[in-house]
Amino acid sequence: MITEFGVELEDGRLLHAYDSGGDGPVVYWHHGTPNIGEPPAPLFEAADRLGLRWLSHNRPGYGASTADPGRTVGSVAADVAAVAEAAGVRRMAVMGHSSGAAHALACAALLPERVVAAVGISGLAPFETSTKNGFDWFEGMADGSAGSLRAARAGRAEKERHLAAATGEEDIGFLAADWEALQSDWAWFDDIVPAALLTGPGGLIDDDLANVGPWGFDPAAIACPVLLIHGAADRMVPAAHSAWTAAQIRGAELRLIPDAGHITAMRQGAAALEWIQEKGDGRSRPPANP
């Protein structure tokens, strides 16, 4: 059973949070765009089998979580620390899908005393860092996905204009198998996406501005075990993004799933939770320059 609760922050903002309870190891879930933070119901059976506890929150601008315009990806770390304190949690693994993958990595980088392991599924590479180092961020990305993120790169006004002009017919890069998954084992997304947009598109806009802006942390600083999973056929966020990011993180494990897309990569979620149970024991890799 998921308990929902509010956390008031020092700056007066409110976060809407979720906790499955129990005394098992904690996995902090980071949602995609546009989603709310409700933990992923299709993975509840696996989490229960492994004795894991879910903790999560709606990012600012989604649901009852107060908007925080100008937030970066790295801003999530302070919010997560506040939710963890409210829930009495000291140590946890982090796991995120799509734009949530970067937010999970942010916590691993910025909360090293709390985060014991990190999983990112179908995640983006940091735009500014990767493109400065010759990575073609938009290569292989479907027109609808690329157009939306290019608009965000042009700033809030252009992102708002682009979103208002959207028809819903754009090619966002889902495979036929992704659409099938949304009607079957991952139909859960059809509940959390509409819920994320009930209060308007603000959370979505702030997410995408953060995705293509400075992230506020360096993935290379992460010292805990990291697993990145990506569908090799993903056209919403091409697999090269996770490959680039994995190459920046010492010891990171990369799993490319043949024929999987942006949604069907989440079918590796149970295996990711098993990896967390194995790796998430507080062990850290030695520093790069001991």
# chains A, B, ... in the order shown; residues from 1 in each chain; ligands from 1

call {"tool": "select_by_dssp", "arguments": {"residues": "region 25-223 of chain A", "states": "alpha helix (DSSP H)", "output": "PyMOL selection string"}}
result
chain A and resi 44-50+76-87+99-110+127-132+143-153+156-165+176-181+189-196+202-212

call {"tool": "closest_atom_pairs", "arguments": {"of": "region 156-212 of chain A", "to": "region 103-118 of chain A", "cutoff": "12 Å", "atoms": "only C-alpha atoms", "output": "CSV"}}
result
residue,atom,partner,partner_atom,distance
A:Asp207,CA,A:His103,CA,10.2
A:Ala210,CA,A:His103,CA,10.1
A:Asn211,CA,A:His103,CA,9.5

call {"tool": "write_last_selection", "arguments": {"atoms": "C-alpha atoms", "output": "mmCIF file, in the first residue's frame"}}
result
data_model
loop_
_atom_site.group_PDB
_atom_site.id
_atom_site.type_symbol
_atom_site.label_atom_id
_atom_site.label_comp_id
_atom_site.auth_asym_id
_atom_site.auth_seq_id
_atom_site.Cartn_x
_atom_site.Cartn_y
_atom_site.Cartn_z
ATOM 1 C CA ASP A 207 11.746 19.325 -16.944
ATOM 2 C CA ALA A 210 16.455 21.358 -17.167
ATOM 3 C CA ASN A 211 17.180 18.436 -19.493
#

call {"tool": "atom_distance", "arguments": {"atom1": "CA of Ala252 (chain A)", "atom2": "CA of Leu227 (chain A)"}}
result
5.9 Å

call {"tool": "closest_residue", "arguments": {"among": "A:Asp191, A:Asp68, A:Glu170, A:Glu180", "to": "Asp143 (chain A)", "atoms": "only C-alpha atoms"}}
result
A:Glu170

call {"tool": "closest_residue", "arguments": {"among": "A:His30, A:Arg49, A:His57, A:Arg235", "to": "Phe5 (chain A)", "atoms": "only C-alpha atoms"}}
result
A:His57

call {"tool": "closest_atom_pairs", "arguments": {"of": "region 82-149 of chain A", "to": "region 261-279 of chain A", "cutoff": "10 Å", "atoms": "only C-alpha atoms", "output": "JSON lines"}}
result
{"residue": "A:Met92", "atom": "CA", "partner": "A:Ile276", "partner_atom": "CA", "distance": 9.8}
{"residue": "A:Ala93", "atom": "CA", "partner": "A:Ile276", "partner_atom": "CA", "distance": 7.0}
{"residue": "A:Val94", "atom": "CA", "partner": "A:Ile276", "partner_atom": "CA", "distance": 8.8}
{"residue": "A:Met95", "atom": "CA", "partner": "A:Ala272", "partner_atom": "CA", "distance": 8.7}
{"residue": "A:His97", "atom": "CA", "partner": "A:Met266", "partner_atom": "CA", "distance": 7.7}
{"residue": "A:Ser98", "atom": "CA", "partner": "A:His262", "partner_atom": "CA", "distance": 7.7}
{"residue": "A:Val116", "atom": "CA", "partner": "A:Lys279", "partner_atom": "CA", "distance": 7.8}
{"residue": "A:Ala117", "atom": "CA", "partner": "A:Ile276", "partner_atom": "CA", "distance": 6.5}
{"residue": "A:Ala118", "atom": "CA", "partner": "A:Ile276", "partner_atom": "CA", "distance": 7.7}
{"residue": "A:Val119", "atom": "CA", "partner": "A:Ala272", "partner_atom": "CA", "distance": 7.0}
{"residue": "A:Gly120", "atom": "CA", "partner": "A:Ala272", "partner_atom": "CA", "distance": 9.2}
{"residue": "A:Ile121", "atom": "CA", "partner": "A:Met266", "partner_atom": "CA", "distance": 7.0}
{"residue": "A:Ser122", "atom": "CA", "partner": "A:His262", "partner_atom": "CA", "distance": 5.9}
{"residue": "A:Gly123", "atom": "CA", "partner": "A:His262", "partner_atom": "CA", "distance": 9.1}

call {"tool": "write_last_selection", "arguments": {"atoms": "C-alpha atoms", "output": "PDB file, in the first residue's frame"}}
result
ATOM      1  CA  MET A  92      18.856   4.327  -0.388  1.00  0.00           C
ATOM      2  CA  ALA A  93      19.319   3.285  -3.981  1.00  0.00           C
ATOM      3  CA  VAL A  94      17.954   5.513  -6.743  1.00  0.00           C
ATOM      4  CA  MET A  95      16.249   4.490  -9.969  1.00  0.00           C
ATOM      5  CA  HIS A  97      13.273   6.234 -16.256  1.00  0.00           C
ATOM      6  CA  SER A  98      13.667   8.655 -19.179  1.00  0.00           C
ATOM      7  CA  VAL A 116      24.327   3.293  -2.369  1.00  0.00           C
ATOM      8  CA  ALA A 117      23.523   2.431  -6.008  1.00  0.00           C
ATOM      9  CA  ALA A 118      21.925   4.071  -9.057  1.00  0.00           C
ATOM     10  CA  VAL A 119      19.940   2.769 -12.039  1.00  0.00           C
ATOM     11  CA  GLY A 120      18.997   4.837 -15.086  1.00  0.00           C
ATOM     12  CA  ILE A 121      16.718   3.457 -17.821  1.00  0.00           C
ATOM     13  CA  SER A 122      16.287   5.148 -21.238  1.00  0.00           C
ATOM     14  CA  GLY A 123      18.061   8.262 -19.997  1.00  0.00           C
TER      15      GLY A 123
END

call {"tool": "select_by_dssp", "arguments": {"residues": "region 59-281 of chain A", "states": "strand (DSSP E or B)", "output": "PDB file with N, CA and C atoms, in the first residue's frame"}}
result
ATOM      1  N   MET A  92      19.808   4.771   0.627  1.00  0.00           N
ATOM      2  CA  MET A  92      18.856   4.327  -0.388  1.00  0.00           C
ATOM      3  C   MET A  92      19.571   4.141  -1.719  1.00  0.00           C
ATOM      4  N   ALA A  93      18.965   3.327  -2.567  1.00  0.00           N
ATOM      5  CA  ALA A  93      19.319   3.285  -3.981  1.00  0.00           C
ATOM      6  C   ALA A  93      18.396   4.244  -4.711  1.00  0.00           C
ATOM      7  N   VAL A  94      18.788   4.636  -5.920  1.00  0.00           N
ATOM      8  CA  VAL A  94      17.954   5.513  -6.743  1.00  0.00           C
ATOM      9  C   VAL A  94      17.765   4.858  -8.108  1.00  0.00           C
ATOM     10  N   MET A  95      16.585   5.100  -8.687  1.00  0.00           N
ATOM     11  CA  MET A  95      16.249   4.490  -9.969  1.00  0.00           C
ATOM     12  C   MET A  95      15.330   5.437 -10.727  1.00  0.00           C
ATOM     13  N   GLY A  96      15.614   5.659 -12.015  1.00  0.00           N
ATOM     14  CA  GLY A  96      14.779   6.559 -12.788  1.00  0.00           C
ATOM     15  C   GLY A  96      14.650   6.125 -14.223  1.00  0.00           C
ATOM     16  N   HIS A  97      13.542   6.539 -14.847  1.00  0.00           N
ATOM     17  CA  HIS A  97      13.273   6.234 -16.256  1.00  0.00           C
ATOM     18  C   HIS A  97      13.180   7.523 -17.049  1.00  0.00           C
ATOM     19  N   VAL A 115      23.305   7.709  -1.102  1.00  0.00           N
ATOM     20  CA  VAL A 115      22.963   6.848  -2.235  1.00  0.00           C
ATOM     21  C   VAL A 115      23.973   5.712  -2.375  1.00  0.00           C
ATOM     22  N   VAL A 116      23.461   4.481  -2.343  1.00  0.00           N
ATOM     23  CA  VAL A 116      24.327   3.293  -2.369  1.00  0.00           C
ATOM     24  C   VAL A 116      24.429   2.667  -3.748  1.00  0.00           C
ATOM     25  N   ALA A 117      23.506   2.977  -4.651  1.00  0.00           N
ATOM     26  CA  ALA A 117      23.523   2.431  -6.008  1.00  0.00           C
ATOM     27  C   ALA A 117      22.538   3.225  -6.845  1.00  0.00           C
ATOM     28  N   ALA A 118      22.780   3.278  -8.169  1.00  0.00           N
ATOM     29  CA  ALA A 118      21.925   4.071  -9.057  1.00  0.00           C
ATOM     30  C   ALA A 118      21.641   3.315 -10.341  1.00  0.00           C
ATOM     31  N   VAL A 119      20.373   3.366 -10.771  1.00  0.00           N
ATOM     32  CA  VAL A 119      19.940   2.769 -12.039  1.00  0.00           C
ATOM     33  C   VAL A 119      19.264   3.845 -12.873  1.00  0.00           C
ATOM     34  N   GLY A 120      19.662   3.956 -14.139  1.00  0.00           N
ATOM     35  CA  GLY A 120      18.997   4.837 -15.086  1.00  0.00           C
ATOM     36  C   GLY A 120      18.546   4.041 -16.296  1.00  0.00           C
ATOM     37  N   ILE A 121      17.282   4.192 -16.681  1.00  0.00           N
ATOM     38  CA  ILE A 121      16.718   3.457 -17.821  1.00  0.00           C
ATOM     39  C   ILE A 121      16.255   4.469 -18.862  1.00  0.00           C
ATOM     40  N   VAL A 226      26.733   1.922 -10.575  1.00  0.00           N
ATOM     41  CA  VAL A 226      25.772   2.499 -11.515  1.00  0.00           C
ATOM     42  C   VAL A 226      25.456   1.496 -12.607  1.00  0.00           C
ATOM     43  N   LEU A 227      24.169   1.344 -12.898  1.00  0.00           N
ATOM     44  CA  LEU A 227      23.691   0.516 -14.007  1.00  0.00           C
ATOM     45  C   LEU A 227      22.839   1.384 -14.919  1.00  0.00           C
ATOM     46  N   LEU A 228      23.202   1.443 -16.203  1.00  0.00           N
ATOM     47  CA  LEU A 228      22.410   2.143 -17.202  1.00  0.00           C
ATOM     48  C   LEU A 228      21.849   1.123 -18.181  1.00  0.00           C
ATOM     49  N   ILE A 229      20.524   1.192 -18.405  1.00  0.00           N
ATOM     50  CA  ILE A 229      19.810   0.264 -19.285  1.00  0.00           C
ATOM     51  C   ILE A 229      19.176   1.081 -20.399  1.00  0.00           C
ATOM     52  N   HIS A 230      19.279   0.598 -21.625  1.00  0.00           N
ATOM     53  CA  HIS A 230      18.697   1.350 -22.741  1.00  0.00           C
ATOM     54  C   HIS A 230      18.277   0.390 -23.850  1.00  0.00           C
ATOM     55  N   GLY A 231      17.113   0.668 -24.436  1.00  0.00           N
ATOM     56  CA  GLY A 231      16.680  -0.090 -25.608  1.00  0.00           C
ATOM     57  C   GLY A 231      17.533   0.293 -26.810  1.00  0.00           C
ATOM     58  N   GLU A 253      28.036   0.078 -15.426  1.00  0.00           N
ATOM     59  CA  GLU A 253      27.610  -1.055 -16.261  1.00  0.00           C
ATOM     60  C   GLU A 253      26.541  -0.576 -17.234  1.00  0.00           C
ATOM     61  N   LEU A 254      26.695  -0.907 -18.518  1.00  0.00           N
ATOM     62  CA  LEU A 254      25.738  -0.533 -19.556  1.00  0.00           C
ATOM     63  C   LEU A 254      25.106  -1.792 -20.124  1.00  0.00           C
ATOM     64  N   ARG A 255      23.769  -1.829 -20.137  1.00  0.00           N
ATOM     65  CA  ARG A 255      23.035  -2.941 -20.743  1.00  0.00           C
ATOM     66  C   ARG A 255      22.188  -2.396 -21.886  1.00  0.00           C
ATOM     67  N   LEU A 256      22.534  -2.751 -23.103  1.00  0.00           N
ATOM     68  CA  LEU A 256      21.747  -2.390 -24.279  1.00  0.00           C
ATOM     69  C   LEU A 256      20.844  -3.565 -24.618  1.00  0.00           C
ATOM     70  N   ILE A 257      19.551  -3.305 -24.703  1.00  0.00           N
ATOM     71  CA  ILE A 257      18.561  -4.377 -24.886  1.00  0.00           C
ATOM     72  C   ILE A 257      18.149  -4.426 -26.357  1.00  0.00           C
TER      73      ILE A 257
END

call {"tool": "closest_residue", "arguments": {"among": "A:Ala152, A:Val193, A:Leu52, A:Leu198", "to": "His31 (chain A)", "atoms": "only C-alpha atoms"}}
result
A:Val193

call {"tool": "atom_distance", "arguments": {"atom1": "CA of Ala81 (chain A)", "atom2": "CA of Glu10 (chain A)"}}
result
12.2 Å

call {"tool": "residues_around", "arguments": {"residues": "region 148-151 of chain A", "least_positions_apart": "4", "cutoff": "10 Å", "atoms": "only C-alpha atoms", "output": "list of chain:residue names"}}
result
A:Phe138, A:Asp143, A:Gly144, A:Gly155, A:Arg156, A:Ala157, A:Glu158, A:Lys159, A:Glu160, A:Arg161, A:His162, A:Leu163, A:Ala166, A:Glu170, A:Ile172, A:Ile205, A:Asp208, A:Leu209, A:Asn211, A:Val212
